[in-house]
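As stored in entry-v5.cif (mmCIF, C-alpha atoms and all ligand atoms):
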data_input
loop_
_atom_site.label_atom_id
_atom_site.label_comp_id
_atom_site.auth_asym_id
_atom_site.auth_seq_id
_atom_site.Cartn_x
_atom_site.Cartn_y
_atom_site.Cartn_z
CA MET A 1 17.45 -61.10 -41.48
CA MET A 2 20.06 -58.35 -41.23
CA ILE A 3 23.71 -57.95 -40.28
CA ASP A 4 24.97 -54.90 -38.40
CA VAL A 5 28.39 -54.62 -40.06
CA HIS A 6 29.72 -51.88 -37.80
CA CYS A 7 29.02 -51.19 -34.14
CA HIS A 8 30.83 -50.70 -30.85
CA LEU A 9 29.30 -53.20 -28.43
CA THR A 10 32.25 -52.73 -26.04
CA ASP A 11 31.29 -49.12 -25.37
CA ALA A 12 30.83 -48.37 -21.67
CA VAL A 13 27.24 -47.33 -22.32
CA PHE A 14 26.34 -50.97 -23.10
CA GLN A 15 28.28 -52.48 -20.22
CA ASN A 16 25.26 -53.52 -18.18
CA THR A 17 22.74 -53.85 -20.99
CA LEU A 18 24.59 -55.75 -23.71
CA HIS A 19 22.44 -58.89 -23.55
CA GLN A 20 19.29 -56.82 -23.66
CA VAL A 21 20.59 -54.69 -26.56
CA ILE A 22 21.47 -57.83 -28.54
CA ALA A 23 18.11 -59.48 -27.73
CA GLU A 24 16.25 -56.36 -28.83
CA ALA A 25 18.15 -56.29 -32.13
CA LYS A 26 17.48 -59.99 -32.72
CA GLU A 27 13.80 -59.33 -32.26
CA VAL A 28 13.74 -56.99 -35.27
CA GLY A 29 15.79 -59.46 -37.33
CA VAL A 30 19.44 -58.54 -36.70
CA ARG A 31 21.18 -61.88 -36.87
CA ALA A 32 24.84 -60.88 -36.51
CA PHE A 33 27.01 -57.98 -35.38
CA ILE A 34 30.51 -56.95 -36.32
CA THR A 35 31.91 -55.00 -33.41
CA SER A 36 34.91 -52.79 -34.13
CA GLY A 37 37.74 -52.03 -31.74
CA LEU A 38 38.94 -48.47 -31.20
CA GLY A 39 42.54 -48.89 -30.06
CA PHE A 40 44.42 -51.59 -28.16
CA LYS A 41 42.43 -51.91 -24.92
CA ASP A 42 39.09 -51.74 -26.68
CA SER A 43 40.19 -54.32 -29.25
CA LEU A 44 41.09 -56.74 -26.43
CA LYS A 45 37.54 -56.33 -25.14
CA VAL A 46 36.19 -56.89 -28.66
CA LEU A 47 37.99 -60.24 -28.81
CA GLU A 48 36.64 -61.09 -25.38
CA ILE A 49 32.96 -60.50 -26.20
CA SER A 50 33.01 -62.12 -29.66
CA ASP A 51 31.37 -65.53 -29.94
CA TYR A 52 32.00 -66.00 -33.71
CA HIS A 53 28.37 -66.93 -34.17
CA THR A 54 26.45 -63.75 -33.40
CA VAL A 55 29.19 -61.27 -32.50
CA TYR A 56 32.24 -61.10 -34.77
CA PRO A 57 35.38 -59.06 -34.09
CA ALA A 58 37.24 -56.38 -36.06
CA ILE A 59 40.34 -54.71 -34.66
CA GLY A 60 41.29 -51.12 -35.35
CA ILE A 61 42.30 -47.73 -34.02
CA MET A 62 40.98 -44.19 -34.39
CA PRO A 63 43.09 -42.20 -36.86
CA TYR A 64 43.30 -39.21 -34.50
CA ASP A 65 44.73 -41.22 -31.59
CA LEU A 66 47.50 -43.47 -32.85
CA ARG A 67 49.48 -43.83 -29.62
CA ASP A 68 48.98 -47.60 -29.53
CA LEU A 69 49.52 -48.14 -33.24
CA GLU A 70 52.26 -50.75 -32.88
CA LEU A 71 50.31 -52.67 -30.21
CA VAL A 72 47.22 -52.73 -32.42
CA ILE A 73 49.19 -53.95 -35.46
CA ASP A 74 50.69 -56.69 -33.32
CA LEU A 75 47.25 -57.67 -31.98
CA ILE A 76 45.87 -57.91 -35.53
CA GLU A 77 48.74 -60.13 -36.63
CA LYS A 78 48.33 -62.43 -33.64
CA ASN A 79 44.55 -62.75 -34.15
CA SER A 80 44.36 -62.65 -37.93
CA ASP A 81 42.58 -66.00 -38.06
CA LYS A 82 39.89 -64.83 -35.61
CA ILE A 83 38.98 -61.36 -36.84
CA VAL A 84 36.71 -60.70 -39.82
CA ALA A 85 38.21 -57.32 -40.71
CA ILE A 86 40.78 -54.68 -39.88
CA GLY A 87 38.90 -51.63 -38.64
CA GLU A 88 37.98 -49.19 -38.05
CA VAL A 89 41.04 -47.49 -39.46
CA GLY A 90 41.43 -44.60 -41.85
CA LEU A 91 41.56 -40.83 -41.89
CA ASP A 92 39.85 -38.14 -39.87
CA TYR A 93 40.36 -34.60 -41.18
CA TYR A 94 37.55 -33.15 -39.09
CA ALA A 95 39.94 -31.54 -36.63
CA SER A 96 43.50 -32.18 -37.73
CA GLY A 97 46.45 -30.07 -38.86
CA ASP A 98 48.68 -30.82 -41.85
CA THR A 99 51.27 -32.79 -39.87
CA ASP A 100 48.55 -34.88 -38.26
CA ARG A 101 47.26 -35.71 -41.71
CA LYS A 102 50.66 -37.01 -42.84
CA ILE A 103 50.90 -39.22 -39.75
CA GLN A 104 47.34 -40.51 -40.28
CA GLU A 105 48.06 -41.28 -43.94
CA LYS A 106 51.21 -43.18 -43.10
CA ALA A 107 49.35 -45.34 -40.56
CA PHE A 108 46.49 -45.89 -43.01
CA VAL A 109 48.92 -47.21 -45.65
CA GLU A 110 50.43 -49.52 -43.02
CA PHE A 111 46.97 -50.99 -42.38
CA ILE A 112 46.37 -51.31 -46.12
CA GLU A 113 49.54 -53.35 -46.47
CA LEU A 114 48.65 -55.44 -43.44
CA ALA A 115 45.14 -56.14 -44.83
CA ARG A 116 46.65 -57.23 -48.11
CA ARG A 117 49.16 -59.52 -46.42
CA LEU A 118 46.54 -61.09 -44.13
CA ASP A 119 43.84 -61.09 -46.83
CA LEU A 120 41.32 -59.24 -44.65
CA PRO A 121 38.81 -56.52 -45.59
CA LEU A 122 39.27 -52.96 -44.30
CA VAL A 123 36.52 -51.08 -42.49
CA VAL A 124 37.34 -47.46 -43.20
CA HIS A 125 36.61 -44.37 -41.11
CA SER A 126 36.88 -41.25 -43.29
CA ARG A 127 35.33 -38.31 -41.46
CA SER A 128 35.70 -35.19 -43.63
CA ALA A 129 38.27 -37.19 -45.61
CA GLY A 130 36.20 -39.43 -47.90
CA LYS A 131 37.86 -38.21 -51.09
CA TYR A 132 41.38 -38.69 -49.71
CA ALA A 133 40.70 -42.09 -48.15
CA LEU A 134 39.24 -43.37 -51.43
CA GLN A 135 42.17 -41.94 -53.38
CA ILE A 136 44.68 -43.81 -51.19
CA LEU A 137 42.67 -47.04 -51.35
CA ILE A 138 42.34 -46.90 -55.12
CA GLU A 139 46.02 -45.93 -55.66
CA ASN A 140 47.03 -48.91 -53.54
CA ARG A 141 44.65 -51.18 -55.47
CA VAL A 142 42.85 -52.34 -52.34
CA GLU A 143 40.01 -54.69 -53.22
CA LYS A 144 38.04 -55.49 -50.06
CA VAL A 145 36.75 -52.26 -48.56
CA VAL A 146 33.82 -51.12 -46.42
CA MET A 147 33.48 -47.34 -46.23
CA HIS A 148 31.63 -46.84 -42.96
CA ALA A 149 29.30 -43.84 -42.47
CA PHE A 150 30.81 -42.19 -45.56
CA ASP A 151 30.28 -38.42 -45.39
CA GLY A 152 31.91 -37.41 -48.69
CA SER A 153 30.40 -36.50 -52.03
CA VAL A 154 28.28 -38.87 -54.08
CA SER A 155 30.64 -38.62 -57.07
CA HIS A 156 33.51 -39.91 -54.93
CA ALA A 157 31.31 -42.67 -53.51
CA GLU A 158 30.56 -43.72 -57.08
CA LYS A 159 34.28 -44.03 -57.81
CA GLY A 160 34.60 -46.38 -54.83
CA ALA A 161 31.55 -48.37 -55.90
CA GLU A 162 33.09 -48.84 -59.36
CA LYS A 163 36.01 -50.55 -57.62
CA GLY A 164 33.57 -52.85 -55.80
CA TYR A 165 33.79 -51.06 -52.46
CA PHE A 166 30.89 -51.32 -50.03
CA PHE A 167 29.24 -48.41 -48.23
CA SER A 168 27.52 -49.14 -44.90
CA ILE A 169 24.50 -46.98 -44.14
CA PRO A 170 23.78 -45.84 -40.55
CA PRO A 171 20.33 -44.97 -39.10
CA SER A 172 21.30 -41.27 -39.13
CA ILE A 173 20.34 -41.42 -42.83
CA ASN A 174 16.95 -40.16 -41.62
CA ARG A 175 18.55 -36.74 -41.01
CA SER A 176 21.28 -36.70 -43.68
CA GLN A 177 20.54 -35.65 -47.25
CA GLN A 178 24.10 -36.61 -48.19
CA LYS A 179 23.51 -40.23 -47.07
CA GLN A 180 20.14 -40.30 -48.83
CA LYS A 181 21.89 -39.19 -52.04
CA VAL A 182 24.56 -41.88 -51.65
CA VAL A 183 21.86 -44.54 -51.29
CA LYS A 184 19.94 -43.26 -54.31
CA ARG A 185 22.96 -43.28 -56.58
CA LEU A 186 24.83 -46.42 -55.53
CA PRO A 187 23.60 -49.87 -56.56
CA LEU A 188 22.19 -52.15 -53.86
CA ASP A 189 25.14 -54.42 -54.70
CA ASN A 190 27.40 -51.93 -52.89
CA LEU A 191 25.30 -51.26 -49.78
CA LEU A 192 25.46 -52.63 -46.24
CA LEU A 193 23.66 -51.82 -42.98
CA GLU A 194 25.49 -50.47 -39.93
CA SER A 195 24.44 -48.88 -36.67
CA ASP A 196 27.80 -47.46 -35.48
CA ALA A 197 26.08 -47.77 -32.09
CA PRO A 198 26.27 -45.97 -29.73
CA ALA A 199 26.92 -43.17 -32.28
CA LEU A 200 24.83 -42.00 -35.27
CA ALA A 201 21.37 -42.52 -33.80
CA PRO A 202 18.33 -41.43 -35.81
CA ASN A 203 17.79 -38.84 -33.10
CA PRO A 204 21.11 -37.09 -32.39
CA ASN A 205 20.44 -36.92 -28.65
CA GLU A 206 19.88 -40.64 -28.21
CA VAL A 207 22.19 -43.61 -27.66
CA ASN A 208 22.13 -45.58 -30.88
CA LYS A 209 21.44 -49.34 -30.83
CA PRO A 210 21.96 -52.08 -33.43
CA SER A 211 18.17 -52.61 -33.64
CA ASN A 212 18.06 -49.25 -35.44
CA ILE A 213 19.62 -50.70 -38.61
CA ARG A 214 15.99 -51.49 -39.38
CA ILE A 215 15.69 -47.73 -40.04
CA SER A 216 18.60 -47.84 -42.50
CA ALA A 217 16.93 -50.76 -44.30
CA GLU A 218 13.60 -48.93 -44.45
CA TRP A 219 15.21 -45.80 -45.90
CA ILE A 220 17.05 -47.80 -48.56
CA SER A 221 13.77 -49.52 -49.42
CA LYS A 222 11.96 -46.18 -49.70
CA LEU A 223 14.68 -44.39 -51.70
CA LYS A 224 15.10 -47.27 -54.13
CA SER A 225 11.41 -48.23 -54.28
CA ILE A 226 12.13 -51.86 -53.51
CA PRO A 227 10.68 -54.08 -50.77
CA VAL A 228 12.49 -53.94 -47.43
CA SER A 229 12.81 -57.76 -47.60
CA LYS A 230 14.91 -57.36 -50.74
CA VAL A 231 17.16 -54.83 -48.94
CA GLU A 232 17.61 -57.24 -46.02
CA GLU A 233 18.36 -60.17 -48.29
CA LYS A 234 20.89 -58.35 -50.50
CA THR A 235 22.73 -56.48 -47.73
CA THR A 236 23.04 -59.73 -45.76
CA GLU A 237 24.43 -61.45 -48.84
CA ASN A 238 26.87 -58.53 -49.37
CA ALA A 239 28.01 -58.65 -45.74
CA SER A 240 28.48 -62.43 -45.79
CA THR A 241 30.62 -62.10 -48.92
CA ILE A 242 32.89 -59.24 -47.85
CA PHE A 243 33.45 -60.52 -44.29
CA ASN A 244 33.47 -64.17 -45.29
CA ILE A 245 30.99 -65.23 -42.60
CA LYS A 246 28.38 -67.93 -42.94
CA ILE A 247 25.12 -67.01 -41.31
CA ILE A 248 22.78 -69.94 -40.80
ZN ZN A 301 32.57 -46.66 -35.59
#
Show how you would write the structure in this file as structure tokens.
Amino acid sequence: MMIDVHCHLTDAVFQNTLHQVIAEAKEVGVRAFITSGLGFKDSLKVLEISDYHTVYPAIGIMPYDLRDLELVIDLIEKNSDKIVAIGEVGLDYYASGDTDRKIQEKAFVEFIELARRLDLPLVVHSRSAGKYALQILIENRVEKVVMHAFDGSVSHAEKGAEKGYFFSIPPSINRSQQKQKVVKRLPLDNLLLESDAPALAPNPNEVNKPSNIRISAEWISKLKSIPVSKVEEKTTENASTIFNIKII
């Protein structure tokens, strides 16, 4: 049994195939999905498709498009008893100038304060900004954190792990030495499985699907020389703890 802790089931690419995509994932043992909103409109859809049994909602906004920031904050507050996390939120320095970075950081701190007030975990996007995102989280003494598809250095990941932060591993680990290193060095206690579907497929030209978290589990098993059943069991336990969901 596995939990896909980060995917985008509301993406247009799944519009006509969602039932099939979920059925396919269930067949390989994916029992639950946490689907993350990217902005206001998408987060409304996330709430709409969540059944709180198989599909659980998280509400967030991409750090490089914060136009609907206030609407998203308001939506989180109004649905704080329904959502399992705030996210994805964070920093994206991949293509941003200095002023953009300041604006992103200010919004990130707002979400940190909101998460603290509502006692919800944060699912953090940190493209080319892993070091900075972790710095802000640690400075603000945030406790419940999932670093999704972390692309920073292993030494920074270790600092996050020391604080009890989780790192969710996407199927693109099969083509990323950096992600393989993160898995080798971090304890299983800090790892989760994510697809980030439709992004981060094992083959960069394909649409990713939640069923592919099986590949993440297999890589963790291989890199840590432990049975894949142990990876499934522990990552499911980790996910249930951080998101406070009971999977029967
Ligand atoms: Zn994502």
Near region 71-86 of chain A, 12 Å: region 187-243 of chain A residue rows, closest pairs, all atoms listed in the file, as a tab-separated table:
residue	atom	partner	partner_atom	distance
A:Ala239	CA	A:Val84	CA	10.7
A:Ser240	CA	A:Val84	CA	10.3
A:Thr241	CA	A:Val84	CA	11.0
A:Ile242	CA	A:Val84	CA	9.0
A:Phe243	CA	A:Val84	CA	5.5
Of the residues A:Met1, A:Met62, A:Ala115, A:Ile49, which is the one nearest to His19 (chain A), using all atoms listed in the file? A:Ile49
Of the residues A:Leu223, A:Ala197, A:Leu69, A:Leu137, which is the one nearest to ligand ZN 301 (chain A), using only C-alpha atoms and all ligand atoms? A:Ala197
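Residues in contact with Asn208 (chain A) at up to 6 Å, not including ones fewer than 4 positions away on its chain and judged by all atoms listed in the file, are Ala197, Pro198, Ala199 and Ala201 of chain A.
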From the list A:Ser126, A:Ser216, A:Asn205, A:Asn238, which residue is nearest Pro171 (chain A) when using all atoms listed in the file?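 Closest residue, counting all atoms listed in the file: A:Ser216.
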Enumerate, in order of chain and increasing residue number, the residues of chain A with an atom no farther than 10 Å from ligand ZN 301 (chain A), each with its shortest atom pair and distance in Å to one decimal, counting only C-alpha atoms and all ligand atoms, as a tab-separated table.
residue	atom	partner	partner_atom	distance
A:His6	CA	A:ZN301	ZN	6.3
A:Cys7	CA	A:ZN301	ZN	5.9
A:His8	CA	A:ZN301	ZN	6.5
A:Thr35	CA	A:ZN301	ZN	8.6
A:Ser36	CA	A:ZN301	ZN	6.7
A:Gly37	CA	A:ZN301	ZN	8.4
A:Leu38	CA	A:ZN301	ZN	7.9
A:Gly60	CA	A:ZN301	ZN	9.8
A:Ile61	CA	A:ZN301	ZN	9.9
A:Met62	CA	A:ZN301	ZN	8.8
A:Gly87	CA	A:ZN301	ZN	8.6
A:Glu88	CA	A:ZN301	ZN	6.5
A:Val89	CA	A:ZN301	ZN	9.3
A:Val123	CA	A:ZN301	ZN	9.1
A:Val124	CA	A:ZN301	ZN	9.0
A:His125	CA	A:ZN301	ZN	7.2
A:His148	CA	A:ZN301	ZN	7.4
A:Ala149	CA	A:ZN301	ZN	8.1
A:Glu194	CA	A:ZN301	ZN	9.1
A:Ser195	CA	A:ZN301	ZN	8.5
A:Asp196	CA	A:ZN301	ZN	4.8
A:Ala197	CA	A:ZN301	ZN	7.5
A:Pro198	CA	A:ZN301	ZN	8.6
A:Ala199	CA	A:ZN301	ZN	7.4
A:Leu200	CA	A:ZN301	ZN	9.0
Counting all atoms listed in the file, which residues of region 65-166 of chain A sit at most 12 Å from some atom of region 182-187 of chain A, and what is each one's closest atom pair with its distance in Å to one decimal, listed by chain and rising residue number, as a tab-separated table?
residue	atom	partner	partner_atom	distance
A:Met147	CA	A:Val182	CA	11.8
A:Ala149	CA	A:Val182	CA	10.5
A:Phe150	CA	A:Val182	CA	8.7
A:Asp151	CA	A:Val182	CA	9.2
A:Gly152	CA	A:Val182	CA	9.1
A:Ser153	CA	A:Val182	CA	7.9
A:Val154	CA	A:Val182	CA	5.4
A:Ser155	CA	A:Val182	CA	8.8
A:His156	CA	A:Val182	CA	9.7
A:Ala157	CA	A:Val182	CA	7.0
A:Glu158	CA	A:Leu186	CA	6.5
A:Lys159	CA	A:Leu186	CA	10.0
A:Gly160	CA	A:Leu186	CA	9.8
A:Ala161	CA	A:Leu186	CA	7.0
A:Glu162	CA	A:Leu186	CA	9.4
A:Gly164	CA	A:Pro187	CA	10.4
A:Tyr165	CA	A:Leu186	CA	10.5
A:Phe166	CA	A:Leu186	CA	9.5
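You will find CA of Thr236 (chain A) at 5.6 Å from CA of Met2 (chain A).
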Interatomic distance, CA of Leu18 (chain A) to CA of Phe167 (chain A) (Å, one decimal):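 Going from CA of Leu18 (chain A) over to CA of Phe167 (chain A) covers 26.0 Å.
Residue nearest Trp219 (chain A) within the list A:Thr235, A:Gln180, A:Asp65, A:Ser96: A:Gln180 [criterion: smallest interatomic distance, only C-alpha atoms].
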Choose the residue, out of A:Val55, A:Val21, A:Ala133, A:Leu114, that has the smallest atom-to-atom separation from Ile3 (chain A); count only C-alpha atoms.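 Between A:Val55, A:Val21, A:Ala133, A:Leu114, the residue approaching Ile3 (chain A) most closely is A:Val55.
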For CA of Asp189 (chain A) and CA of Glu237 (chain A), quote the distance in Å rounded to one decimal.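 Interatomic distance here is 9.2 Å.
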Kindly indicate which residue among A:Ile22, A:Val109, A:Ile220, A:Leu44 lies nearest to Leu122 (chain A), using only C-alpha atoms for the distances. A:Val109
Distance query Lys234 (chain A) at most 9 Å, all atoms listed in the file, self and fewer than 6 positions along chain excluded, as JSON, numbers by chain: {"A": [188, 189, 191, 192]}
